[in-house]
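Visitor: Just one file: coords_38.tsv, with TSV, N, CA and C atoms.
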```tsv
chain	number	residue	atom	x	y	z
A	1	MET	N	-8.47	-39.68	-23.60
A	1	MET	CA	-9.40	-39.57	-22.50
A	1	MET	C	-8.67	-39.20	-21.21
A	2	LYS	N	-7.49	-39.84	-20.96
A	2	LYS	CA	-6.72	-39.55	-19.77
A	2	LYS	C	-6.29	-38.09	-19.74
A	3	LYS	N	-5.92	-37.54	-20.91
A	3	LYS	CA	-5.48	-36.14	-20.98
A	3	LYS	C	-6.64	-35.21	-20.63
A	4	LEU	N	-7.85	-35.53	-21.09
A	4	LEU	CA	-9.02	-34.71	-20.80
A	4	LEU	C	-9.34	-34.73	-19.31
A	5	VAL	N	-9.25	-35.89	-18.71
A	5	VAL	CA	-9.52	-36.01	-17.28
A	5	VAL	C	-8.47	-35.24	-16.47
A	6	LEU	N	-7.20	-35.35	-16.82
A	6	LEU	CA	-6.14	-34.63	-16.13
A	6	LEU	C	-6.30	-33.12	-16.30
A	7	PHE	N	-6.67	-32.69	-17.51
A	7	PHE	CA	-6.89	-31.27	-17.76
A	7	PHE	C	-8.05	-30.74	-16.91
A	8	ALA	N	-9.14	-31.47	-16.85
A	8	ALA	CA	-10.30	-31.07	-16.05
A	8	ALA	C	-9.93	-31.02	-14.57
A	9	ALA	N	-9.17	-31.98	-14.09
A	9	ALA	CA	-8.75	-32.02	-12.69
A	9	ALA	C	-7.86	-30.82	-12.38
A	10	ALA	N	-6.99	-30.46	-13.30
A	10	ALA	CA	-6.12	-29.30	-13.10
A	10	ALA	C	-6.92	-28.02	-13.03
A	11	ILE	N	-7.93	-27.86	-13.89
A	11	ILE	CA	-8.78	-26.67	-13.89
A	11	ILE	C	-9.54	-26.57	-12.56
A	12	VAL	N	-10.11	-27.68	-12.11
A	12	VAL	CA	-10.86	-27.69	-10.86
A	12	VAL	C	-9.93	-27.34	-9.70
A	13	GLY	N	-8.72	-27.87	-9.69
A	13	GLY	CA	-7.76	-27.58	-8.62
A	13	GLY	C	-7.39	-26.12	-8.56
A	14	VAL	N	-7.14	-25.50	-9.71
A	14	VAL	CA	-6.82	-24.08	-9.75
A	14	VAL	C	-8.02	-23.26	-9.28
A	15	SER	N	-9.22	-23.61	-9.71
A	15	SER	CA	-10.41	-22.88	-9.30
A	15	SER	C	-10.64	-22.97	-7.80
A	16	LEU	N	-10.47	-24.16	-7.23
A	16	LEU	CA	-10.67	-24.34	-5.80
A	16	LEU	C	-9.63	-23.59	-4.99
A	17	SER	N	-8.38	-23.58	-5.43
A	17	SER	CA	-7.36	-22.89	-4.65
A	17	SER	C	-7.60	-21.38	-4.68
A	18	ALA	N	-8.09	-20.84	-5.79
A	18	ALA	CA	-8.40	-19.41	-5.85
A	18	ALA	C	-9.61	-19.09	-4.98
A	19	ALA	N	-10.61	-19.96	-5.00
A	19	ALA	CA	-11.83	-19.70	-4.23
A	19	ALA	C	-11.59	-19.85	-2.73
A	20	CYS	N	-10.61	-20.66	-2.33
A	20	CYS	CA	-10.36	-20.92	-0.92
A	20	CYS	C	-9.24	-20.06	-0.36
A	21	SER	N	-8.73	-19.14	-1.13
A	21	SER	CA	-7.65	-18.28	-0.67
A	21	SER	C	-8.08	-17.49	0.55
A	22	SER	N	-7.19	-17.41	1.54
A	22	SER	CA	-7.53	-16.69	2.76
A	22	SER	C	-6.93	-15.28	2.77
A	23	ASP	N	-6.32	-14.85	1.67
A	23	ASP	CA	-5.76	-13.50	1.60
A	23	ASP	C	-6.90	-12.50	1.55
A	24	THR	N	-6.90	-11.58	2.52
A	24	THR	CA	-7.92	-10.54	2.57
A	24	THR	C	-7.21	-9.20	2.57
A	25	VAL	N	-7.61	-8.33	1.67
A	25	VAL	CA	-7.04	-7.00	1.62
A	25	VAL	C	-7.88	-6.10	2.52
A	26	VAL	N	-7.23	-5.49	3.50
A	26	VAL	CA	-7.91	-4.60	4.43
A	26	VAL	C	-7.40	-3.19	4.17
A	27	ASP	N	-8.32	-2.26	3.96
A	27	ASP	CA	-7.95	-0.86	3.76
A	27	ASP	C	-7.76	-0.21	5.11
A	28	GLU	N	-6.49	-0.07	5.51
A	28	GLU	CA	-6.19	0.49	6.83
A	28	GLU	C	-6.29	2.01	6.85
A	29	THR	N	-6.70	2.63	5.73
A	29	THR	CA	-6.89	4.07	5.71
A	29	THR	C	-8.37	4.44	5.75
A	30	ALA	N	-9.24	3.46	5.58
A	30	ALA	CA	-10.68	3.72	5.57
A	30	ALA	C	-11.16	4.14	6.96
A	31	ALA	N	-12.16	5.00	6.99
A	31	ALA	CA	-12.74	5.44	8.27
A	31	ALA	C	-13.48	4.28	8.92
A	32	VAL	N	-13.37	4.19	10.23
A	32	VAL	CA	-14.10	3.22	11.02
A	32	VAL	C	-15.31	3.94	11.60
A	33	GLU	N	-16.50	3.37	11.43
A	33	GLU	CA	-17.72	4.05	11.88
A	33	GLU	C	-18.21	3.56	13.23
A	34	VAL	N	-18.69	4.53	14.01
A	34	VAL	CA	-19.32	4.27	15.31
A	34	VAL	C	-20.68	4.96	15.27
A	35	ASP	N	-21.74	4.23	15.55
A	35	ASP	CA	-23.08	4.80	15.58
A	35	ASP	C	-23.40	5.36	16.95
A	36	LEU	N	-24.10	6.50	16.97
A	36	LEU	CA	-24.67	7.07	18.19
A	36	LEU	C	-26.15	6.79	18.10
A	37	THR	N	-26.68	5.95	18.96
A	37	THR	CA	-28.02	5.42	18.78
A	37	THR	C	-29.06	6.07	19.69
A	38	ALA	N	-30.32	5.86	19.34
A	38	ALA	CA	-31.44	6.33	20.15
A	38	ALA	C	-31.48	5.63	21.51
A	39	SER	N	-30.78	4.50	21.63
A	39	SER	CA	-30.71	3.76	22.90
A	39	SER	C	-29.61	4.29	23.82
A	40	ASN	N	-29.02	5.42	23.43
A	40	ASN	CA	-27.96	6.07	24.21
A	40	ASN	C	-26.73	5.18	24.39
A	41	VAL	N	-26.28	4.59	23.28
A	41	VAL	CA	-25.05	3.82	23.28
A	41	VAL	C	-24.24	4.16	22.03
A	42	PHE	N	-22.92	3.99	22.15
A	42	PHE	CA	-22.03	4.03	21.00
A	42	PHE	C	-21.90	2.59	20.52
A	43	SER	N	-22.07	2.38	19.23
A	43	SER	CA	-22.02	1.02	18.69
A	43	SER	C	-21.09	0.96	17.47
A	44	PRO	N	-19.96	0.25	17.60
A	44	PRO	CA	-19.49	-0.49	18.77
A	44	PRO	C	-18.94	0.46	19.84
A	45	GLN	N	-18.86	-0.03	21.04
A	45	GLN	CA	-18.40	0.80	22.15
A	45	GLN	C	-16.89	1.02	22.10
A	46	THR	N	-16.15	0.04	21.62
A	46	THR	CA	-14.69	0.14	21.49
A	46	THR	C	-14.30	-0.18	20.06
A	47	VAL	N	-13.43	0.67	19.49
A	47	VAL	CA	-12.90	0.41	18.15
A	47	VAL	C	-11.37	0.49	18.22
A	48	THR	N	-10.73	-0.27	17.35
A	48	THR	CA	-9.27	-0.24	17.24
A	48	THR	C	-8.92	0.20	15.82
A	49	VAL	N	-8.04	1.21	15.72
A	49	VAL	CA	-7.61	1.73	14.43
A	49	VAL	C	-6.09	1.84	14.44
A	50	LYS	N	-5.53	2.08	13.26
A	50	LYS	CA	-4.09	2.31	13.11
A	50	LYS	C	-3.82	3.82	13.18
A	51	VAL	N	-2.59	4.19	13.52
A	51	VAL	CA	-2.19	5.59	13.48
A	51	VAL	C	-2.46	6.12	12.08
A	52	GLY	N	-3.08	7.30	11.99
A	52	GLY	CA	-3.42	7.91	10.71
A	52	GLY	C	-4.81	7.59	10.22
A	53	GLN	N	-5.50	6.69	10.89
A	53	GLN	CA	-6.85	6.30	10.50
A	53	GLN	C	-7.88	7.22	11.15
A	54	THR	N	-9.05	7.31	10.54
A	54	THR	CA	-10.12	8.19	11.01
A	54	THR	C	-11.25	7.38	11.60
A	55	VAL	N	-11.81	7.90	12.68
A	55	VAL	CA	-13.06	7.35	13.23
A	55	VAL	C	-14.16	8.33	12.85
A	56	ARG	N	-15.26	7.82	12.32
A	56	ARG	CA	-16.43	8.63	11.96
A	56	ARG	C	-17.59	8.21	12.84
A	57	TRP	N	-18.05	9.14	13.68
A	57	TRP	CA	-19.23	8.91	14.50
A	57	TRP	C	-20.44	9.34	13.69
A	58	VAL	N	-21.45	8.47	13.64
A	58	VAL	CA	-22.64	8.71	12.82
A	58	VAL	C	-23.87	8.71	13.73
A	59	TRP	N	-24.61	9.81	13.73
A	59	TRP	CA	-25.82	9.92	14.53
A	59	TRP	C	-26.93	9.12	13.85
A	60	THR	N	-27.43	8.09	14.53
A	60	THR	CA	-28.51	7.27	13.97
A	60	THR	C	-29.80	7.44	14.77
A	61	GLY	N	-29.76	8.18	15.86
A	61	GLY	CA	-30.95	8.42	16.67
A	61	GLY	C	-30.59	9.16	17.94
A	62	GLY	N	-31.48	9.99	18.40
A	62	GLY	CA	-31.25	10.73	19.63
A	62	GLY	C	-30.43	11.99	19.40
A	63	SER	N	-30.24	12.75	20.47
A	63	SER	CA	-29.45	13.98	20.44
A	63	SER	C	-28.18	13.76	21.25
A	64	HIS	N	-27.03	13.77	20.58
A	64	HIS	CA	-25.77	13.38	21.21
A	64	HIS	C	-24.63	14.30	20.78
A	65	ASN	N	-23.50	14.11	21.45
A	65	ASN	CA	-22.23	14.66	20.99
A	65	ASN	C	-21.13	13.67	21.37
A	66	VAL	N	-19.91	13.97	20.95
A	66	VAL	CA	-18.76	13.12	21.23
A	66	VAL	C	-17.70	14.00	21.89
A	67	VAL	N	-17.28	13.63	23.10
A	67	VAL	CA	-16.33	14.43	23.87
A	67	VAL	C	-15.23	13.50	24.39
A	68	SER	N	-13.98	13.85	24.15
A	68	SER	CA	-12.89	13.02	24.66
A	68	SER	C	-12.72	13.23	26.16
A	69	GLY	N	-12.49	12.14	26.86
A	69	GLY	CA	-12.28	12.18	28.30
A	69	GLY	C	-12.88	10.97	28.96
A	70	SER	N	-12.64	10.85	30.25
A	70	SER	CA	-13.19	9.73	31.01
A	70	SER	C	-13.88	10.27	32.26
A	71	ASN	N	-14.72	9.43	32.84
A	71	ASN	CA	-15.48	9.80	34.05
A	71	ASN	C	-16.27	11.09	33.84
A	72	CYS	N	-16.79	11.27	32.63
A	72	CYS	CA	-17.61	12.44	32.27
A	72	CYS	C	-16.85	13.75	32.44
A	73	THR	N	-15.52	13.69	32.30
A	73	THR	CA	-14.68	14.88	32.41
A	73	THR	C	-13.90	15.07	31.12
A	74	GLU	N	-14.10	16.21	30.48
A	74	GLU	CA	-13.46	16.52	29.20
A	74	GLU	C	-11.95	16.66	29.37
A	75	ASP	N	-11.18	16.05	28.42
A	75	ASP	CA	-9.72	16.17	28.49
A	75	ASP	C	-9.15	17.06	27.38
A	76	GLY	N	-10.01	17.58	26.49
A	76	GLY	CA	-9.56	18.52	25.48
A	76	GLY	C	-8.98	17.94	24.21
A	77	ASN	N	-8.95	16.61	24.05
A	77	ASN	CA	-8.39	16.02	22.83
A	77	ASN	C	-9.28	16.21	21.61
A	78	PHE	N	-10.58	16.06	21.76
A	78	PHE	CA	-11.51	16.28	20.65
A	78	PHE	C	-12.92	16.45	21.18
A	79	LYS	N	-13.74	17.15	20.39
A	79	LYS	CA	-15.14	17.36	20.76
A	79	LYS	C	-15.92	17.68	19.50
A	80	SER	N	-17.08	17.07	19.37
A	80	SER	CA	-17.90	17.29	18.18
A	80	SER	C	-18.69	18.59	18.25
A	81	GLY	N	-18.78	19.17	19.41
A	81	GLY	CA	-19.58	20.38	19.60
A	81	GLY	C	-20.76	20.09	20.52
A	82	ALA	N	-21.77	20.95	20.44
A	82	ALA	CA	-22.96	20.76	21.27
A	82	ALA	C	-23.74	19.53	20.80
A	83	ALA	N	-24.55	18.98	21.68
A	83	ALA	CA	-25.38	17.82	21.32
A	83	ALA	C	-26.33	18.21	20.19
A	84	ILE	N	-26.39	17.33	19.19
A	84	ILE	CA	-27.27	17.54	18.03
A	84	ILE	C	-28.01	16.25	17.72
A	85	GLY	N	-29.02	16.35	16.88
A	85	GLY	CA	-29.85	15.20	16.57
A	85	GLY	C	-29.52	14.50	15.27
A	86	GLY	N	-28.39	14.80	14.63
A	86	GLY	CA	-28.04	14.13	13.39
A	86	GLY	C	-26.70	14.60	12.88
A	87	GLY	N	-26.17	13.87	11.90
A	87	GLY	CA	-24.91	14.26	11.28
A	87	GLY	C	-23.80	13.27	11.55
A	88	THR	N	-22.57	13.74	11.30
A	88	THR	CA	-21.38	12.92	11.51
A	88	THR	C	-20.29	13.79	12.12
A	89	PHE	N	-19.33	13.13	12.73
A	89	PHE	CA	-18.14	13.79	13.26
A	89	PHE	C	-16.96	12.89	12.98
A	90	ASP	N	-15.90	13.45	12.36
A	90	ASP	CA	-14.70	12.69	12.02
A	90	ASP	C	-13.52	13.16	12.86
A	91	LYS	N	-12.70	12.20	13.29
A	91	LYS	CA	-11.46	12.51	14.00
A	91	LYS	C	-10.38	11.57	13.49
A	92	LYS	N	-9.31	12.16	12.95
A	92	LYS	CA	-8.15	11.38	12.50
A	92	LYS	C	-7.18	11.26	13.67
A	93	PHE	N	-6.78	10.04	14.00
A	93	PHE	CA	-5.90	9.79	15.13
A	93	PHE	C	-4.46	9.66	14.64
A	94	GLU	N	-3.61	10.58	15.10
A	94	GLU	CA	-2.22	10.68	14.61
A	94	GLU	C	-1.19	10.04	15.53
A	95	VAL	N	-1.58	9.67	16.75
A	95	VAL	CA	-0.65	9.04	17.69
A	95	VAL	C	-1.28	7.80	18.30
A	96	ALA	N	-0.44	6.85	18.64
A	96	ALA	CA	-0.92	5.62	19.28
A	96	ALA	C	-1.35	5.93	20.72
A	97	GLY	N	-2.32	5.17	21.20
A	97	GLY	CA	-2.78	5.34	22.57
A	97	GLY	C	-4.22	4.89	22.73
A	98	THR	N	-4.74	5.10	23.90
A	98	THR	CA	-6.12	4.76	24.22
A	98	THR	C	-6.86	6.06	24.52
A	99	PHE	N	-7.97	6.28	23.82
A	99	PHE	CA	-8.70	7.53	23.90
A	99	PHE	C	-10.15	7.28	24.32
A	100	PRO	N	-10.45	7.46	25.61
A	100	PRO	CA	-11.84	7.32	26.06
A	100	PRO	C	-12.65	8.54	25.63
A	101	TYR	N	-13.94	8.34	25.46
A	101	TYR	CA	-14.84	9.45	25.11
A	101	TYR	C	-16.23	9.16	25.64
A	102	TYR	N	-17.10	10.17	25.58
A	102	TYR	CA	-18.45	10.03	26.10
A	102	TYR	C	-19.38	11.02	25.42
A	103	CYS	N	-20.67	10.86	25.68
A	103	CYS	CA	-21.70	11.80	25.23
A	103	CYS	C	-22.07	12.63	26.46
A	104	GLU	N	-21.95	13.97	26.36
A	104	GLU	CA	-22.25	14.81	27.53
A	104	GLU	C	-23.64	14.59	28.12
A	105	PRO	N	-24.71	14.63	27.30
A	105	PRO	CA	-26.03	14.48	27.92
A	105	PRO	C	-26.30	13.09	28.51
A	106	HIS	N	-25.55	12.08	28.07
A	106	HIS	CA	-25.86	10.70	28.47
A	106	HIS	C	-24.70	9.97	29.15
A	107	CYS	N	-23.68	10.67	29.53
A	107	CYS	CA	-22.53	10.03	30.17
A	107	CYS	C	-22.92	9.35	31.47
A	108	THR	N	-23.76	10.00	32.25
A	108	THR	CA	-24.13	9.42	33.55
A	108	THR	C	-24.97	8.16	33.44
A	109	VAL	N	-25.52	7.90	32.24
A	109	VAL	CA	-26.27	6.65	32.04
A	109	VAL	C	-25.43	5.64	31.26
A	110	GLY	N	-24.11	5.94	31.14
A	110	GLY	CA	-23.19	4.95	30.56
A	110	GLY	C	-22.87	5.09	29.09
A	111	MET	N	-23.19	6.23	28.47
A	111	MET	CA	-22.88	6.39	27.04
A	111	MET	C	-21.42	6.81	26.91
A	112	THR	N	-20.56	5.81	26.91
A	112	THR	CA	-19.11	6.01	26.83
A	112	THR	C	-18.53	5.08	25.77
A	113	GLY	N	-17.34	5.39	25.33
A	113	GLY	CA	-16.66	4.56	24.35
A	113	GLY	C	-15.16	4.74	24.43
A	114	THR	N	-14.45	3.93	23.64
A	114	THR	CA	-12.99	3.99	23.63
A	114	THR	C	-12.49	3.77	22.21
A	115	VAL	N	-11.50	4.60	21.82
A	115	VAL	CA	-10.77	4.37	20.58
A	115	VAL	C	-9.36	3.92	20.99
A	116	ILE	N	-8.95	2.77	20.47
A	116	ILE	CA	-7.59	2.26	20.70
A	116	ILE	C	-6.83	2.44	19.39
A	117	VAL	N	-5.72	3.17	19.45
A	117	VAL	CA	-4.92	3.46	18.26
A	117	VAL	C	-3.60	2.72	18.37
A	118	THR	N	-3.32	1.88	17.38
A	118	THR	CA	-2.10	1.07	17.37
A	118	THR	C	-1.20	1.52	16.22
A	119	GLN	N	0.06	1.13	16.33
A	119	GLN	CA	1.03	1.41	15.26
A	119	GLN	C	0.67	0.57	14.08
```
What is this structure when it is put down as structure tokens?
Guide:
Amino acid sequence: MKKLVLFAAAIVGVSLSAACSSDTVVDETAAVEVDLTASNVFSPQTVTVKVGQTVRWVWTGGSHNVVSGSNCTEDGNFKSGAAIGGGTFDKKFEVAGTFPYYCEPHCTVGMTGTVIVTQ
């Protein structure tokens, strides 16, 4: 009987330690998504990625574009093109830094965002 109880306790202990493991595998190569919404916001407004990772902007409502720059002034790093009402735009970030961006038609109402790229 003692052996059965010890065996059962050992099984429960192994099961609990596996279930409570805090190891999480994060795919640092997966694209990070930012929605362009009908409410004229980027969601989330700020994302952090690793060098070599891609940000994918996804149109979920409204007519928007994605333009790199700050204060509604284009800096030439990236641009999705003219404002459109749907689709996606991908940008792979190859260097560390902070990259502000905005939507041309809605910049003056605060439709801005930031990509932070870390090593």
Visitor: Between A:Gln53, A:Thr60, A:Ala38, A:Pro44, which one has atoms that come closest to Thr114 (chain A), using only N, CA and C atoms?
Guide: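 Closest residue, counting only N, CA and C atoms: A:Pro44.
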Visitor: With a distance cut-off of 10 Å and only C-alpha atoms, select the neighbouring residues of Val109 (chain A), excluding the residue or stretch itself and same-chain residues fewer than 5 positions from it, and output the selection as a PyMOL selection string.
Guide: chain A and resi 40-41+103
Visitor: Using only N, CA and C atoms, which residues sit within 7 Å of Ser43 (chain A) once same-chain residues fewer than 5 positions away are excluded, as a PDB file with N, CA and C atoms, keeping the file's coordinate frame?
Guide:
```pdb
ATOM      1  N   GLU A  33     -16.500   3.370  11.430  1.00  0.00           N
ATOM      2  CA  GLU A  33     -17.720   4.050  11.880  1.00  0.00           C
ATOM      3  C   GLU A  33     -18.210   3.560  13.230  1.00  0.00           C
ATOM      4  N   VAL A  34     -18.690   4.530  14.010  1.00  0.00           N
ATOM      5  CA  VAL A  34     -19.320   4.270  15.310  1.00  0.00           C
ATOM      6  C   VAL A  34     -20.680   4.960  15.270  1.00  0.00           C
ATOM      7  N   ASP A  35     -21.740   4.230  15.550  1.00  0.00           N
ATOM      8  CA  ASP A  35     -23.080   4.800  15.580  1.00  0.00           C
ATOM      9  C   ASP A  35     -23.400   5.360  16.950  1.00  0.00           C
ATOM     10  N   LEU A  36     -24.100   6.500  16.970  1.00  0.00           N
ATOM     11  CA  LEU A  36     -24.670   7.070  18.190  1.00  0.00           C
ATOM     12  C   LEU A  36     -26.150   6.790  18.100  1.00  0.00           C
ATOM     13  N   THR A  37     -26.680   5.950  18.960  1.00  0.00           N
ATOM     14  CA  THR A  37     -28.020   5.420  18.780  1.00  0.00           C
ATOM     15  C   THR A  37     -29.060   6.070  19.690  1.00  0.00           C
TER      16      THR A  37
END
```
Visitor: For the atom pair atom C of Ser63 (chain A) and atom N of Tyr102 (chain A), what is the interatomic distance in Å to one decimal place?
Guide: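 Separation between atom C of Ser63 (chain A) and atom N of Tyr102 (chain A): 12.4 Å.
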Visitor: Given the point (-16.5, 18.7, 14.8) in the file's coordinates, find the residues that have an atom at most 7 Å from it, counting all atoms listed in the file, and give them as a PyMOL selection string.
Guide: chain A and resi 79-81+88-90
Visitor: Since the input lacks atoms, please generate N, CA, C and O atoms for region 45-68 of chain A and provide them as a JSON list (two decimals), in the frame of the given file.
Guide:
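Now in part-v3.json:
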```
[["chain", "number", "residue", "atom", "x", "y", "z"],
["A", 45, "GLN", "N", -18.86, -0.03, 21.04],
["A", 45, "GLN", "CA", -18.40, 0.80, 22.15],
["A", 45, "GLN", "C", -16.89, 1.02, 22.10],
["A", 45, "GLN", "O", -16.40, 2.08, 22.50],
["A", 46, "THR", "N", -16.15, 0.04, 21.62],
["A", 46, "THR", "CA", -14.69, 0.14, 21.49],
["A", 46, "THR", "C", -14.30, -0.18, 20.06],
["A", 46, "THR", "O", -14.78, -1.16, 19.48],
["A", 47, "VAL", "N", -13.43, 0.67, 19.49],
["A", 47, "VAL", "CA", -12.90, 0.41, 18.15],
["A", 47, "VAL", "C", -11.37, 0.49, 18.22],
["A", 47, "VAL", "O", -10.82, 1.22, 19.04],
["A", 48, "THR", "N", -10.73, -0.27, 17.35],
["A", 48, "THR", "CA", -9.27, -0.24, 17.24],
["A", 48, "THR", "C", -8.92, 0.20, 15.82],
["A", 48, "THR", "O", -9.45, -0.36, 14.85],
["A", 49, "VAL", "N", -8.04, 1.21, 15.72],
["A", 49, "VAL", "CA", -7.61, 1.73, 14.43],
["A", 49, "VAL", "C", -6.09, 1.84, 14.44],
["A", 49, "VAL", "O", -5.46, 1.75, 15.49],
["A", 50, "LYS", "N", -5.53, 2.08, 13.26],
["A", 50, "LYS", "CA", -4.09, 2.31, 13.11],
["A", 50, "LYS", "C", -3.82, 3.82, 13.18],
["A", 50, "LYS", "O", -4.70, 4.63, 12.89],
["A", 51, "VAL", "N", -2.59, 4.19, 13.52],
["A", 51, "VAL", "CA", -2.19, 5.59, 13.48],
["A", 51, "VAL", "C", -2.46, 6.12, 12.08],
["A", 51, "VAL", "O", -2.16, 5.47, 11.08],
["A", 52, "GLY", "N", -3.08, 7.30, 11.99],
["A", 52, "GLY", "CA", -3.42, 7.91, 10.71],
["A", 52, "GLY", "C", -4.81, 7.59, 10.22],
["A", 52, "GLY", "O", -5.27, 8.16, 9.23],
["A", 53, "GLN", "N", -5.50, 6.69, 10.89],
["A", 53, "GLN", "CA", -6.85, 6.30, 10.50],
["A", 53, "GLN", "C", -7.88, 7.22, 11.15],
["A", 53, "GLN", "O", -7.62, 7.83, 12.18],
["A", 54, "THR", "N", -9.05, 7.31, 10.54],
["A", 54, "THR", "CA", -10.12, 8.19, 11.01],
["A", 54, "THR", "C", -11.25, 7.38, 11.60],
["A", 54, "THR", "O", -11.60, 6.32, 11.08],
["A", 55, "VAL", "N", -11.81, 7.90, 12.68],
["A", 55, "VAL", "CA", -13.06, 7.35, 13.23],
["A", 55, "VAL", "C", -14.16, 8.33, 12.85],
["A", 55, "VAL", "O", -14.00, 9.55, 13.01],
["A", 56, "ARG", "N", -15.26, 7.82, 12.32],
["A", 56, "ARG", "CA", -16.43, 8.63, 11.96],
["A", 56, "ARG", "C", -17.59, 8.21, 12.84],
["A", 56, "ARG", "O", -18.06, 7.09, 12.79],
["A", 57, "TRP", "N", -18.05, 9.14, 13.68],
["A", 57, "TRP", "CA", -19.23, 8.91, 14.50],
["A", 57, "TRP", "C", -20.44, 9.34, 13.69],
["A", 57, "TRP", "O", -20.45, 10.43, 13.09],
["A", 58, "VAL", "N", -21.45, 8.47, 13.64],
["A", 58, "VAL", "CA", -22.64, 8.71, 12.82],
["A", 58, "VAL", "C", -23.87, 8.71, 13.73],
["A", 58, "VAL", "O", -24.14, 7.72, 14.41],
["A", 59, "TRP", "N", -24.61, 9.81, 13.73],
["A", 59, "TRP", "CA", -25.82, 9.92, 14.53],
["A", 59, "TRP", "C", -26.93, 9.12, 13.85],
["A", 59, "TRP", "O", -27.30, 9.41, 12.72],
["A", 60, "THR", "N", -27.43, 8.09, 14.53],
["A", 60, "THR", "CA", -28.51, 7.27, 13.97],
["A", 60, "THR", "C", -29.80, 7.44, 14.77],
["A", 60, "THR", "O", -30.82, 6.88, 14.39],
["A", 61, "GLY", "N", -29.76, 8.18, 15.86],
["A", 61, "GLY", "CA", -30.95, 8.42, 16.67],
["A", 61, "GLY", "C", -30.59, 9.16, 17.94],
["A", 61, "GLY", "O", -29.49, 9.01, 18.46],
["A", 62, "GLY", "N", -31.48, 9.99, 18.40],
["A", 62, "GLY", "CA", -31.25, 10.73, 19.63],
["A", 62, "GLY", "C", -30.43, 11.99, 19.40],
["A", 62, "GLY", "O", -29.99, 12.28, 18.30],
["A", 63, "SER", "N", -30.24, 12.75, 20.47],
["A", 63, "SER", "CA", -29.45, 13.98, 20.44],
["A", 63, "SER", "C", -28.18, 13.76, 21.25],
["A", 63, "SER", "O", -28.24, 13.56, 22.47],
["A", 64, "HIS", "N", -27.03, 13.77, 20.58],
["A", 64, "HIS", "CA", -25.77, 13.38, 21.21],
["A", 64, "HIS", "C", -24.63, 14.30, 20.78],
["A", 64, "HIS", "O", -24.76, 15.08, 19.85],
["A", 65, "ASN", "N", -23.50, 14.11, 21.45],
["A", 65, "ASN", "CA", -22.23, 14.66, 20.99],
["A", 65, "ASN", "C", -21.13, 13.67, 21.37],
["A", 65, "ASN", "O", -21.40, 12.63, 21.99],
["A", 66, "VAL", "N", -19.91, 13.97, 20.95],
["A", 66, "VAL", "CA", -18.76, 13.12, 21.23],
["A", 66, "VAL", "C", -17.70, 14.00, 21.89],
["A", 66, "VAL", "O", -17.29, 15.01, 21.31],
["A", 67, "VAL", "N", -17.28, 13.63, 23.10],
["A", 67, "VAL", "CA", -16.33, 14.43, 23.87],
["A", 67, "VAL", "C", -15.23, 13.50, 24.39],
["A", 67, "VAL", "O", -15.53, 12.49, 25.03],
["A", 68, "SER", "N", -13.98, 13.85, 24.15],
["A", 68, "SER", "CA", -12.89, 13.02, 24.66],
["A", 68, "SER", "C", -12.72, 13.23, 26.16],
["A", 68, "SER", "O", -12.84, 14.35, 26.67]]
```
